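Undergrad: Got entry26.cif for you, mmCIF, C-alpha atoms:
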data_model
loop_
_atom_site.label_atom_id
_atom_site.label_comp_id
_atom_site.auth_asym_id
_atom_site.auth_seq_id
_atom_site.Cartn_x
_atom_site.Cartn_y
_atom_site.Cartn_z
CA MET W 21 -14.51 7.42 -24.38
CA LYS W 22 -10.98 6.11 -23.94
CA HIS W 23 -8.46 7.64 -21.64
CA PRO W 24 -6.56 10.26 -23.65
CA TYR W 25 -3.24 8.42 -23.17
CA LEU W 26 -4.55 5.09 -24.45
CA LYS W 27 -4.98 4.00 -28.02
CA GLU W 28 -7.70 1.56 -29.07
CA SER W 29 -5.06 -1.10 -29.78
CA ASP W 30 -3.81 -0.95 -26.17
CA SER W 31 -6.99 -2.22 -24.55
CA GLY W 32 -7.16 -5.74 -25.93
CA ALA W 33 -3.66 -6.91 -25.09
CA MET W 34 -3.79 -6.50 -21.35
CA THR W 35 -6.07 -9.40 -20.36
CA SER W 36 -6.41 -12.90 -21.71
CA SER W 37 -9.68 -13.92 -20.09
CA GLU W 38 -13.25 -12.73 -19.97
CA LEU W 39 -15.09 -11.30 -17.03
CA THR W 40 -16.43 -13.21 -14.04
CA THR W 41 -18.61 -11.66 -11.42
CA GLY W 42 -19.61 -12.29 -7.88
CA ALA W 43 -22.47 -10.19 -6.51
CA THR W 44 -23.70 -9.83 -2.99
CA PRO W 45 -27.10 -8.20 -2.43
CA ALA W 46 -27.20 -5.30 -0.01
CA SER W 47 -29.89 -7.11 1.98
CA ASN W 48 -27.61 -10.06 2.79
CA GLY W 49 -26.92 -9.04 6.39
CA ALA W 50 -28.01 -7.02 9.37
CA VAL W 51 -27.28 -3.64 7.81
CA SER W 52 -29.00 -2.20 4.76
CA ALA W 53 -27.12 0.86 3.53
CA GLY W 54 -30.06 1.95 1.43
CA SER W 55 -32.23 2.32 4.52
CA GLU W 56 -30.39 5.50 5.53
CA ALA W 57 -31.67 8.67 3.92
CA ASP W 58 -28.20 10.16 3.68
CA SER W 59 -26.43 7.11 2.23
CA LEU W 60 -24.21 7.61 -0.83
CA ARG W 61 -24.15 5.47 -3.96
CA ILE W 62 -20.42 4.80 -4.43
CA LEU W 63 -18.66 3.00 -7.29
CA TRP W 64 -15.21 1.87 -6.12
CA VAL W 65 -12.65 0.86 -8.76
CA LYS W 66 -9.34 -0.84 -7.94
CA VAL W 67 -6.87 -2.94 -9.92
CA GLY W 68 -5.47 -5.99 -8.16
CA GLY W 69 -8.20 -6.93 -5.69
CA LEU W 70 -8.57 -6.41 -1.96
CA TRP W 71 -8.30 -10.00 -0.72
CA PRO W 72 -6.35 -11.72 0.76
CA LEU W 73 -5.00 -8.97 3.00
CA ASN W 74 -1.35 -9.47 2.10
CA THR W 75 -0.31 -5.93 1.10
CA GLY W 76 -0.59 -2.55 2.75
CA GLY W 77 -2.69 -1.17 -0.09
CA ARG W 78 -5.19 -4.01 0.17
CA LEU W 79 -5.43 -3.57 3.93
CA ARG W 80 -6.18 0.14 3.72
CA SER W 81 -8.71 -0.20 0.90
CA PHE W 82 -10.44 -3.26 2.37
CA HIS W 83 -11.03 -1.70 5.77
CA ILE W 84 -12.32 1.58 4.36
CA VAL W 85 -14.60 -0.21 1.88
CA ARG W 86 -15.91 -2.51 4.61
CA GLU W 87 -16.68 0.41 6.94
CA LEU W 88 -18.32 2.48 4.19
CA SER W 89 -20.45 -0.46 3.01
CA HIS W 90 -22.23 -0.54 6.38
CA ARG W 91 -23.62 2.96 5.82
CA HIS W 92 -23.66 3.41 2.04
CA GLN W 93 -24.61 1.62 -1.15
CA LEU W 94 -21.12 0.67 -2.33
CA SER W 95 -20.34 -1.34 -5.44
CA LEU W 96 -16.81 -2.60 -6.07
CA ILE W 97 -15.21 -3.37 -9.43
CA THR W 98 -11.73 -4.89 -9.26
CA SER W 99 -9.50 -7.63 -10.68
CA HIS W 100 -7.93 -10.81 -9.36
CA ALA W 101 -5.10 -13.10 -10.44
CA PRO W 102 -6.13 -16.47 -11.94
CA GLN W 103 -4.80 -18.37 -8.90
CA GLU W 104 -6.96 -16.26 -6.57
CA ASP W 105 -10.58 -17.02 -5.74
CA GLY W 106 -12.54 -14.31 -7.53
CA ALA W 107 -15.59 -14.84 -5.31
CA ALA W 108 -13.71 -14.72 -1.99
CA LEU W 109 -13.87 -10.94 -1.81
CA SER W 110 -17.67 -10.97 -2.03
CA ARG W 111 -17.82 -13.25 0.99
CA GLN W 112 -15.58 -10.89 2.96
CA LEU W 113 -17.68 -7.83 2.09
CA PRO W 114 -21.26 -9.00 2.64
CA HIS W 115 -22.71 -5.49 2.94
CA CYS W 116 -21.47 -4.30 -0.45
CA ARG W 117 -24.24 -3.77 -2.95
CA GLN W 118 -22.22 -5.60 -5.60
CA VAL W 119 -18.70 -6.99 -6.06
CA ILE W 120 -17.39 -7.61 -9.57
CA SER W 121 -13.94 -9.12 -10.07
CA VAL W 122 -12.26 -9.47 -13.46
CA PRO W 123 -9.56 -12.15 -13.90
CA HIS W 124 -6.27 -10.60 -14.95
CA THR W 125 -2.69 -11.86 -14.99
CA PRO W 126 -0.33 -8.97 -14.18
CA ALA W 127 3.02 -8.97 -15.95
CA LYS W 128 5.76 -9.90 -13.49
CA HIS W 129 8.83 -7.71 -13.29
CA ASN W 130 11.52 -8.73 -15.84
CA SER W 131 9.21 -11.30 -17.43
CA PRO W 132 8.83 -11.34 -21.24
CA ARG W 133 5.32 -9.83 -20.89
CA PHE W 134 6.65 -7.04 -18.71
CA LEU W 135 9.48 -6.27 -21.13
CA LEU W 136 6.98 -6.22 -24.01
CA ALA W 137 4.71 -3.85 -22.07
CA LEU W 138 7.73 -1.69 -21.28
CA MET W 139 8.70 -1.41 -24.93
CA ARG W 140 5.13 -0.67 -25.98
CA SER W 141 4.80 1.97 -23.28
CA TRP W 142 7.79 3.79 -24.75
CA LEU W 143 5.59 4.61 -27.76
CA THR W 144 3.05 6.34 -25.49
CA PRO W 145 3.18 9.00 -22.78
CA LEU W 146 2.17 6.30 -20.27
CA PRO W 147 4.63 4.98 -17.69
CA VAL W 148 4.90 1.20 -17.89
CA ASP W 149 3.19 0.61 -14.52
CA ILE W 150 0.09 2.41 -15.78
CA TYR W 151 0.24 0.91 -19.27
CA LYS W 152 0.32 -2.68 -18.02
CA ASN W 153 -2.58 -2.09 -15.61
CA HIS W 154 -5.06 -0.92 -18.22
CA ILE W 155 -7.50 -3.87 -18.35
CA ALA W 156 -10.08 -3.78 -21.14
CA ALA W 157 -12.62 -6.02 -19.35
CA LEU W 158 -12.36 -3.94 -16.20
CA GLU W 159 -12.83 -0.71 -18.11
CA ARG W 160 -15.94 -2.13 -19.81
CA GLU W 161 -17.51 -2.97 -16.45
CA VAL W 162 -16.75 0.50 -15.11
CA GLN W 163 -18.22 2.11 -18.22
CA ARG W 164 -21.36 -0.02 -17.94
CA ALA W 165 -21.81 0.93 -14.30
CA LEU W 166 -21.31 4.65 -14.91
CA ASN W 167 -23.67 4.60 -17.91
CA SER W 168 -26.41 3.34 -15.61
CA GLY W 169 -26.52 6.70 -13.82
CA ASN W 170 -26.92 4.87 -10.50
CA TYR W 171 -23.92 6.35 -8.69
CA ASP W 172 -23.29 9.58 -6.84
CA LEU W 173 -19.51 9.33 -7.18
CA CYS W 174 -16.73 7.06 -8.44
CA VAL W 175 -13.59 6.32 -6.41
CA ALA W 176 -10.43 5.46 -8.40
CA ASP W 177 -8.37 3.56 -5.83
CA PHE W 178 -4.62 3.87 -6.57
CA LEU W 179 -3.21 5.54 -9.67
CA THR W 180 -3.42 2.23 -11.57
CA ALA W 181 -7.23 2.49 -11.47
CA MET W 182 -7.25 5.76 -13.40
CA PRO W 183 -6.75 4.41 -16.96
CA ASN W 184 -9.73 2.11 -16.38
CA VAL W 185 -12.16 4.93 -15.50
CA PRO W 186 -13.61 6.54 -18.67
CA LEU W 187 -13.69 10.30 -18.96
CA ASP W 188 -17.24 10.81 -20.19
CA GLY W 189 -20.28 11.04 -17.95
CA ASP W 190 -21.38 13.27 -15.13
CA THR W 191 -20.36 11.13 -12.14
CA PRO W 192 -17.88 13.02 -9.92
CA LEU W 193 -14.48 11.32 -9.62
CA LEU W 194 -12.46 10.94 -6.42
CA PHE W 195 -8.83 9.84 -6.80
CA PHE W 196 -7.56 7.88 -3.77
CA SER W 197 -3.76 8.13 -3.83
CA HIS W 198 -2.00 5.69 -1.51
CA ASN W 199 1.46 6.85 -2.63
CA VAL W 200 3.14 9.67 -4.47
CA GLU W 201 4.01 7.21 -7.22
CA HIS W 202 6.51 9.32 -9.13
CA MET W 203 8.52 9.79 -5.95
CA ILE W 204 8.84 6.02 -5.51
CA TRP W 205 10.20 5.69 -9.03
CA ARG W 206 12.52 8.62 -8.50
CA ARG W 207 13.92 7.05 -5.33
CA LEU W 208 14.35 3.76 -7.16
CA GLY W 209 16.51 5.61 -9.66
CA ASN W 210 18.51 7.28 -6.91
CA THR W 211 19.49 3.89 -5.45
CA GLU W 212 20.23 2.25 -8.82
CA THR W 213 23.94 1.87 -9.67
CA ARG W 214 23.65 0.48 -13.22
CA PRO W 215 23.79 3.40 -15.71
CA LEU W 216 21.24 1.99 -18.19
CA HIS W 217 18.72 1.07 -15.52
CA ARG W 218 19.22 4.46 -13.89
CA ALA W 219 18.48 6.20 -17.20
CA LEU W 220 15.34 4.10 -17.75
CA LEU W 221 14.10 4.85 -14.25
CA ALA W 222 14.68 8.56 -14.84
CA LEU W 223 12.41 8.33 -17.89
CA GLU W 224 9.77 6.39 -15.97
CA TRP W 225 9.57 8.68 -12.96
CA ARG W 226 9.14 11.74 -15.20
CA LYS W 227 6.38 10.01 -17.16
CA MET W 228 4.80 8.93 -13.89
CA ARG W 229 4.88 12.50 -12.57
CA ARG W 230 3.11 13.80 -15.68
CA TYR W 231 0.44 11.10 -15.45
CA GLU W 232 -0.03 11.58 -11.72
CA THR W 233 -0.38 15.33 -12.18
CA ALA W 234 -2.94 14.85 -14.96
CA SER W 235 -4.90 12.43 -12.76
CA CYS W 236 -5.06 14.88 -9.86
CA ARG W 237 -6.31 17.59 -12.21
CA ARG W 238 -8.83 15.25 -13.80
CA ALA W 239 -10.38 14.25 -10.46
CA GLY W 240 -12.81 16.49 -8.63
CA LEU W 241 -10.98 15.67 -5.40
CA SER W 242 -7.79 13.73 -4.58
CA ILE W 243 -7.24 12.04 -1.21
CA ALA W 244 -3.71 11.33 0.03
CA VAL W 245 -2.76 9.15 2.98
CA SER W 246 -0.71 11.81 4.79
CA GLU W 247 -0.36 15.57 4.93
CA LYS W 248 3.11 15.27 3.44
CA ASP W 249 1.81 13.32 0.45
CA LYS W 250 -0.96 15.89 0.04
CA ARG W 251 1.60 18.69 -0.15
CA MET W 252 3.74 16.79 -2.64
CA LEU W 253 0.79 16.02 -4.91
CA GLY W 254 -0.43 19.59 -4.61
CA ALA W 255 2.99 20.92 -5.61
CA SER W 256 2.84 18.83 -8.81
CA ALA W 257 -0.78 19.77 -9.57
CA PRO W 258 -1.37 23.29 -8.22
CA GLY W 259 -5.01 24.27 -8.12
CA SER W 260 -6.26 20.69 -7.69
CA ARG W 261 -8.44 19.93 -4.68
CA MET W 262 -6.44 17.85 -2.19
CA ARG W 263 -7.35 16.29 1.13
CA ALA W 264 -5.66 13.76 3.43
CA ILE W 265 -6.82 10.92 5.65
CA PRO W 266 -4.84 9.26 8.44
CA THR W 267 -3.52 5.72 8.27
CA GLY W 268 -5.47 3.18 10.31
CA VAL W 269 -5.00 -0.13 12.06
CA ASP W 270 -7.28 -2.95 13.20
CA LEU W 271 -6.92 -2.59 16.97
CA ASP W 272 -8.85 -5.78 17.74
CA TYR W 273 -6.65 -7.88 15.47
CA PHE W 274 -3.30 -6.26 16.28
CA HIS W 275 -3.00 -6.08 20.06
CA PRO W 276 -0.20 -6.65 22.58
CA GLY W 277 0.54 -10.33 23.03
CA ASP W 278 2.08 -12.40 25.79
CA ALA W 279 5.25 -10.64 26.97
CA ALA W 280 6.65 -13.99 28.08
CA ARG W 281 6.90 -15.08 24.43
CA GLN W 282 9.18 -12.21 23.50
CA GLN W 283 12.70 -13.29 22.52
CA PRO W 284 15.20 -10.73 23.88
CA LEU W 285 17.62 -11.07 20.94
CA GLU W 286 15.17 -11.23 18.03
CA ILE W 287 14.30 -8.49 15.56
CA VAL W 288 11.69 -8.69 12.81
CA PHE W 289 10.64 -7.00 9.58
CA SER W 290 7.38 -7.71 7.77
CA GLY W 291 6.18 -6.80 4.29
CA SER W 292 5.61 -8.18 0.80
CA MET W 293 9.05 -9.18 -0.39
CA ASP W 294 8.05 -9.02 -4.05
CA TRP W 295 7.69 -5.24 -3.57
CA HIS W 296 11.08 -3.78 -4.52
CA PRO W 297 11.33 -1.17 -1.73
CA ASN W 298 10.94 -3.94 0.87
CA GLU W 299 13.55 -6.13 -0.80
CA ASP W 300 15.93 -3.18 -1.05
CA ALA W 301 15.39 -2.43 2.64
CA ILE W 302 16.39 -5.93 3.75
CA LEU W 303 19.37 -6.15 1.41
CA TYR W 304 20.48 -2.76 2.75
CA PHE W 305 19.98 -3.96 6.32
CA ILE W 306 21.96 -7.16 5.71
CA ASP W 307 24.81 -5.30 4.06
CA ALA W 308 25.10 -2.10 6.12
CA MET W 309 23.64 -2.82 9.56
CA LEU W 310 23.60 -6.50 10.42
CA PRO W 311 27.42 -6.94 10.57
CA ARG W 312 27.60 -4.17 13.19
CA LEU W 313 24.84 -5.83 15.22
CA ARG W 314 26.38 -9.29 15.07
CA ARG W 315 29.76 -8.00 16.22
CA GLU W 316 28.08 -6.86 19.45
CA LEU W 317 25.47 -9.62 19.73
CA PRO W 318 26.55 -12.76 17.85
CA GLN W 319 23.39 -14.62 18.90
CA LEU W 320 21.07 -12.01 17.37
CA SER W 321 18.19 -13.54 15.39
CA VAL W 322 16.64 -11.76 12.39
CA THR W 323 13.31 -12.81 10.84
CA VAL W 324 11.85 -11.36 7.62
CA VAL W 325 8.15 -12.13 7.20
CA GLY W 326 6.69 -11.69 3.73
CA ARG W 327 5.71 -13.41 0.53
CA ASN W 328 7.79 -14.24 -2.54
CA PRO W 329 11.38 -13.37 -1.61
CA SER W 330 13.55 -13.24 -4.73
CA ARG W 331 16.42 -15.61 -5.42
CA ARG W 332 18.82 -12.72 -4.80
CA LEU W 333 17.35 -12.11 -1.36
CA GLN W 334 17.26 -15.83 -0.53
CA GLU W 335 20.95 -16.16 -1.33
CA ALA W 336 21.85 -13.10 0.74
CA ALA W 337 19.76 -14.39 3.66
CA VAL W 338 21.52 -17.76 3.68
CA VAL W 339 24.95 -16.10 3.83
CA ALA W 340 23.81 -13.67 6.58
CA ASN W 341 21.87 -16.30 8.58
CA VAL W 342 18.60 -14.38 8.24
CA ARG W 343 15.32 -16.29 8.36
CA LEU W 344 12.87 -15.73 5.49
CA THR W 345 9.40 -17.08 6.21
CA GLY W 346 7.77 -16.55 2.82
CA THR W 347 3.98 -16.35 2.89
CA VAL W 348 2.43 -16.82 6.35
CA ASP W 349 -1.20 -17.08 7.43
CA ASP W 350 -0.71 -14.74 10.39
CA VAL W 351 2.10 -12.21 10.89
CA ARG W 352 1.25 -11.57 14.55
CA PRO W 353 3.15 -14.46 16.17
CA TYR W 354 6.37 -13.31 14.50
CA ILE W 355 5.89 -9.72 15.66
CA GLU W 356 4.93 -10.92 19.14
CA ARG W 357 8.20 -12.85 19.56
CA ALA W 358 10.41 -9.96 18.44
CA ALA W 359 12.05 -7.55 20.86
CA VAL W 360 12.47 -4.86 18.19
CA TYR W 361 10.61 -4.23 14.93
CA VAL W 362 12.76 -2.63 12.19
CA VAL W 363 11.84 -0.62 9.07
CA PRO W 364 15.10 0.13 7.19
CA LEU W 365 13.39 1.50 4.07
CA ARG W 366 15.30 3.72 1.63
CA ILE W 367 12.57 3.81 -1.03
CA GLY W 368 8.88 4.42 -0.51
CA GLY W 369 5.81 6.58 -0.74
CA GLY W 370 2.54 6.88 1.10
CA THR W 371 2.56 5.53 4.64
CA ARG W 372 3.64 2.20 6.09
CA LEU W 373 0.78 0.32 7.73
CA LYS W 374 3.35 -2.13 9.09
CA ILE W 375 4.54 0.48 11.61
CA TYR W 376 1.03 1.03 12.94
CA GLU W 377 0.53 -2.73 13.22
CA ALA W 378 3.74 -3.08 15.22
CA LEU W 379 2.81 -0.14 17.47
CA ALA W 380 -0.68 -1.58 18.01
CA MET W 381 1.05 -4.73 19.27
CA GLY W 382 3.09 -2.67 21.71
CA LYS W 383 6.42 -3.12 19.92
CA ALA W 384 9.48 -0.89 20.00
CA VAL W 385 10.17 0.27 16.43
CA VAL W 386 13.35 1.55 14.79
CA SER W 387 12.81 3.09 11.34
CA THR W 388 14.43 5.29 8.76
CA ARG W 389 12.70 8.60 8.16
CA ILE W 390 11.50 7.39 4.77
CA GLY W 391 10.10 4.30 6.50
CA ALA W 392 8.05 6.47 8.88
CA GLU W 393 7.35 9.15 6.29
CA GLY W 394 3.92 10.75 6.57
CA LEU W 395 3.11 9.21 9.96
CA PRO W 396 2.48 11.67 12.83
CA LEU W 397 4.88 9.90 15.18
CA LYS W 398 7.41 11.55 17.48
CA ASP W 399 11.00 10.36 17.45
CA GLY W 400 11.92 9.20 20.93
CA LYS W 401 8.32 8.98 22.12
CA HIS W 402 6.56 6.52 19.78
CA LEU W 403 9.55 5.08 17.89
CA LEU W 404 13.23 5.71 17.15
CA LEU W 405 14.39 7.21 13.84
CA ALA W 406 17.80 6.89 12.19
CA ASP W 407 19.03 7.14 8.60
CA ASP W 408 22.76 6.52 9.07
CA PRO W 409 23.43 2.75 9.16
CA ALA W 410 25.71 2.98 12.18
CA GLU W 411 23.17 5.06 14.11
CA PHE W 412 20.36 2.68 13.08
CA ALA W 413 22.33 -0.29 14.43
CA GLU W 414 23.22 1.54 17.64
CA LYS W 415 19.57 2.33 18.34
CA ILE W 416 18.64 -1.31 17.86
CA LEU W 417 21.42 -2.38 20.23
CA ALA W 418 20.33 0.15 22.83
CA LEU W 419 16.78 -1.20 22.80
CA LEU W 420 17.88 -4.82 22.94
CA ARG W 421 19.84 -3.96 26.07
CA ASP W 422 17.05 -1.96 27.72
CA PRO W 423 13.74 -3.84 28.24
CA ASP W 424 12.20 -0.90 30.13
CA ARG W 425 12.82 1.46 27.22
CA ARG W 426 11.28 -1.05 24.82
CA ARG W 427 8.21 -1.30 27.00
CA GLN W 428 7.85 2.51 27.26
CA LEU W 429 7.96 2.95 23.49
CA GLY W 430 5.54 0.08 22.92
CA GLU W 431 3.02 1.38 25.44
CA ALA W 432 3.17 4.91 24.03
CA GLY W 433 2.63 3.59 20.51
CA ARG W 434 -0.36 1.47 21.53
CA ARG W 435 -1.99 4.40 23.37
CA LEU W 436 -1.64 6.60 20.28
CA MET W 437 -3.20 3.93 18.04
CA GLU W 438 -6.16 3.55 20.39
CA LEU W 439 -6.69 7.28 20.60
CA ARG W 440 -6.66 8.23 16.93
CA TYR W 441 -6.15 5.49 14.37
CA SER W 442 -8.89 2.86 14.35
CA TRP W 443 -10.31 2.04 10.89
CA PRO W 444 -13.84 3.29 11.74
CA ARG W 445 -12.35 6.72 12.52
CA VAL W 446 -10.39 6.73 9.26
CA ALA W 447 -13.46 5.71 7.24
CA ARG W 448 -15.47 8.56 8.76
CA VAL W 449 -12.86 11.04 7.55
CA PHE W 450 -12.94 9.46 4.08
CA GLU W 451 -16.73 9.68 4.07
CA ARG W 452 -16.58 13.36 4.98
CA HIS W 453 -14.36 14.05 1.97
CA CYS W 454 -16.76 12.13 -0.29
CA ARG W 455 -19.58 14.42 0.81
CA GLU W 456 -17.36 17.43 0.28
CA LEU W 457 -16.82 16.39 -3.34
CA LEU W 458 -20.56 16.19 -3.91
CA GLU W 459 -21.17 19.57 -2.29
#
Could you write out this file's structure as structure tokens?

TA:
Amino acid sequence: MKHPYLKESDSGAMTSSELTTGATPASNGAVSAGSEADSLRILWVKVGGLWPLNTGGRLRSFHIVRELSHRHQLSLITSHAPQEDGAALSRQLPHCRQVISVPHTPAKHNSPRFLLALMRSWLTPLPVDIYKNHIAALEREVQRALNSGNYDLCVADFLTAMPNVPLDGDTPLLFFSHNVEHMIWRRLGNTETRPLHRALLALEWRKMRRYETASCRRAGLSIAVSEKDKRMLGASAPGSRMRAIPTGVDLDYFHPGDAARQQPLEIVFSGSMDWHPNEDAILYFIDAMLPRLRRELPQLSVTVVGRNPSRRLQEAAVVANVRLTGTVDDVRPYIERAAVYVVPLRIGGGTRLKIYEALAMGKAVVSTRIGAEGLPLKDGKHLLLADDPAEFAEKILALLRDPDRRRQLGEAGRRLMELRYSWPRVARVFERHCRELLE
């Protein structure tokens, strides 16, 4: 049975290649999930893959899936871009019962394919981001798995997974919401100055809210990544079962480095630069904050670490003398060298893993409230918060001039990460909610 918002003609246009699979037996390792009497049989569905770990969403999903696969029989169905190694994810998740990855080329923003998908989506109730992520081959694999009757529950990871999970069948559905998607689109519209684009974004965020609400009501249980997101989703879909999990961080990978390598006049931002909220944050920082900082500290160095910066951002960075690294193999050396980590986000949803990574490395962080939204962090104790550009710049300057204050914030952040936010702890909370759904 098709999703009620999708017509039969929609399914064939969204992928140009047939399915490839990579399967890893559950017995290929030291842990056999099936050996535990209380193990769950979980089907996990996600569009866009989990490897390499170059986005916050991939990080969160990968670590939870990896932890759950040690104790449960977990099968993963996902997609990968043609330039990505479809079998690489199987090698990274050796305890998964099965990993199936479907090749799919997503339509890039403002490309002809994206514009075509946008126009087609106008003829449906679907927002374009959902329309373009319905993948026929992926949906077929999910349907085949659910028809087998071999699963206790199905996890739809991100809202984009929902149109690929058929409605029929008795398998309970858990919706894992990393963001309040309609709020991201609404904030995009609020920062847009072009009247036509603003009107189009107003249409999209309303369509996204309707779809998101329907998805929460369709699922037996929805999991958000913060209490604030849970309240926002619950307000849109009253009566739906909502739970929240904390954000996590890999404490072994992200740890305080050599203090001697820290550059006293360097600040850093990290994040995928082909994600519009990140690009907007840096353009906003360059325009509204950096001139104030350079007037006080002309030698200040700014590094932006993240893949695929746009031509617009590259041009702005050249003028402002900001370093763009593009894709890097390891973000840690750049964070280690920085005196202050900045998160000047104006648009966003969910929670920012980048802040937890910086705190785990013992860094002083200055963020907007949207940047730190949903994270249980105390202003002045774990990080500094500011929304006004002048105040944001002043807090950066104060930290650059006060090494002891930087160290205090960094140590407090690291202690908090160690106490509450390791990925095994987060996965245990997720597991508890899975069992709640089945009860």

Undergrad: Just give me the gap between CA of Arg218 (chain W) and CA of Lys152 (chain W) in Å, one decimal is fine.

TA: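 The value is 20.6 Å.
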
Undergrad: Using only C-alpha atoms for the distances, tell me which of W:Val162, W:Ala358, W:Ile367, W:Leu70 is nearest to Ile416 (chain W).

TA: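 The answer is W:Ala358, which sits nearest to Ile416 (chain W).
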
Undergrad: Please enumerate the residues selected by the PyMOL selection byres ((chain W and resi 83-89) around 8) when evaluated against the supplied file, formatted as a PDB file with C-alpha atoms, keeping the file's coordinate frame.

TA:
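Wrote it out as out-v2.pdb, contents follow:
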ATOM      1  CA  ALA W  53     -27.120   0.860   3.530  1.00  0.00           C
ATOM      2  CA  LEU W  79      -5.430  -3.570   3.930  1.00  0.00           C
ATOM      3  CA  ARG W  80      -6.180   0.140   3.720  1.00  0.00           C
ATOM      4  CA  SER W  81      -8.710  -0.200   0.900  1.00  0.00           C
ATOM      5  CA  PHE W  82     -10.440  -3.260   2.370  1.00  0.00           C
ATOM      6  CA  HIS W  90     -22.230  -0.540   6.380  1.00  0.00           C
ATOM      7  CA  ARG W  91     -23.620   2.960   5.820  1.00  0.00           C
ATOM      8  CA  HIS W  92     -23.660   3.410   2.040  1.00  0.00           C
ATOM      9  CA  GLN W  93     -24.610   1.620  -1.150  1.00  0.00           C
ATOM     10  CA  LEU W  94     -21.120   0.670  -2.330  1.00  0.00           C
ATOM     11  CA  LEU W 113     -17.680  -7.830   2.090  1.00  0.00           C
ATOM     12  CA  HIS W 115     -22.710  -5.490   2.940  1.00  0.00           C
ATOM     13  CA  CYS W 116     -21.470  -4.300  -0.450  1.00  0.00           C
ATOM     14  CA  ARG W 117     -24.240  -3.770  -2.950  1.00  0.00           C
ATOM     15  CA  TRP W 443     -10.310   2.040  10.890  1.00  0.00           C
ATOM     16  CA  PRO W 444     -13.840   3.290  11.740  1.00  0.00           C
ATOM     17  CA  VAL W 446     -10.390   6.730   9.260  1.00  0.00           C
ATOM     18  CA  ALA W 447     -13.460   5.710   7.240  1.00  0.00           C
ATOM     19  CA  PHE W 450     -12.940   9.460   4.080  1.00  0.00           C
ATOM     20  CA  GLU W 451     -16.730   9.680   4.070  1.00  0.00           C
TER      21      GLU W 451
END

Undergrad: Please provide as a tab-separated table (two decimals) with C-alpha atoms, in the frame of the given file all residues within 12 Å of region 323-331 of chain W, with the sequence filter that same-chain residues fewer than 6 positions apart are discarded (counting all atoms listed in the file).

TA:
chain	number	residue	atom	x	y	z
W	73	LEU	CA	-5.00	-8.97	3.00
W	74	ASN	CA	-1.35	-9.47	2.10
W	75	THR	CA	-0.31	-5.93	1.10
W	76	GLY	CA	-0.59	-2.55	2.75
W	128	LYS	CA	5.76	-9.90	-13.49
W	129	HIS	CA	8.83	-7.71	-13.29
W	283	GLN	CA	12.70	-13.29	22.52
W	285	LEU	CA	17.62	-11.07	20.94
W	286	GLU	CA	15.17	-11.23	18.03
W	287	ILE	CA	14.30	-8.49	15.56
W	288	VAL	CA	11.69	-8.69	12.81
W	289	PHE	CA	10.64	-7.00	9.58
W	290	SER	CA	7.38	-7.71	7.77
W	291	GLY	CA	6.18	-6.80	4.29
W	292	SER	CA	5.61	-8.18	0.80
W	293	MET	CA	9.05	-9.18	-0.39
W	294	ASP	CA	8.05	-9.02	-4.05
W	295	TRP	CA	7.69	-5.24	-3.57
W	296	HIS	CA	11.08	-3.78	-4.52
W	298	ASN	CA	10.94	-3.94	0.87
W	299	GLU	CA	13.55	-6.13	-0.80
W	300	ASP	CA	15.93	-3.18	-1.05
W	301	ALA	CA	15.39	-2.43	2.64
W	302	ILE	CA	16.39	-5.93	3.75
W	303	LEU	CA	19.37	-6.15	1.41
W	305	PHE	CA	19.98	-3.96	6.32
W	306	ILE	CA	21.96	-7.16	5.71
W	337	ALA	CA	19.76	-14.39	3.66
W	338	VAL	CA	21.52	-17.76	3.68
W	340	ALA	CA	23.81	-13.67	6.58
W	341	ASN	CA	21.87	-16.30	8.58
W	342	VAL	CA	18.60	-14.38	8.24
W	343	ARG	CA	15.32	-16.29	8.36
W	344	LEU	CA	12.87	-15.73	5.49
W	345	THR	CA	9.40	-17.08	6.21
W	346	GLY	CA	7.77	-16.55	2.82
W	347	THR	CA	3.98	-16.35	2.89
W	348	VAL	CA	2.43	-16.82	6.35
W	349	ASP	CA	-1.20	-17.08	7.43
W	350	ASP	CA	-0.71	-14.74	10.39
W	351	VAL	CA	2.10	-12.21	10.89
W	352	ARG	CA	1.25	-11.57	14.55
W	353	PRO	CA	3.15	-14.46	16.17
W	354	TYR	CA	6.37	-13.31	14.50
W	355	ILE	CA	5.89	-9.72	15.66
W	356	GLU	CA	4.93	-10.92	19.14
W	357	ARG	CA	8.20	-12.85	19.56
W	358	ALA	CA	10.41	-9.96	18.44
W	359	ALA	CA	12.05	-7.55	20.86
W	360	VAL	CA	12.47	-4.86	18.19
W	361	TYR	CA	10.61	-4.23	14.93
W	362	VAL	CA	12.76	-2.63	12.19
W	363	VAL	CA	11.84	-0.62	9.07
W	364	PRO	CA	15.10	0.13	7.19
W	374	LYS	CA	3.35	-2.13	9.09

Undergrad: Find the residue from W:Arg440, W:Arg238, W:Arg315, W:Lys227 that sits nearest to Glu414 (chain W); use all atoms listed in the file when measuring.

TA: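 Selected residue with least distance to Glu414 (chain W): W:Arg315.
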
Undergrad: Under the rule that only C-alpha atoms are counted, which of W:Ala137, W:Leu365, W:Asn153, W:Arg455 is the nearest residue to Ser387 (chain W)?

TA: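 Smallest separation from Ser387 (chain W) among the options: W:Leu365.
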
Undergrad: Counting all atoms listed in the file, which residues have an atom no more than 10 Å from (-15.7, -7.3, -7.8) in the file's coordinates? Please list them as JSON, numbers by chain.

TA: {"W": [40, 41, 42, 43, 44, 64, 65, 66, 69, 70, 95, 96, 97, 98, 99, 100, 106, 107, 108, 109, 110, 116, 118, 119, 120, 121, 122, 123, 158, 161]}
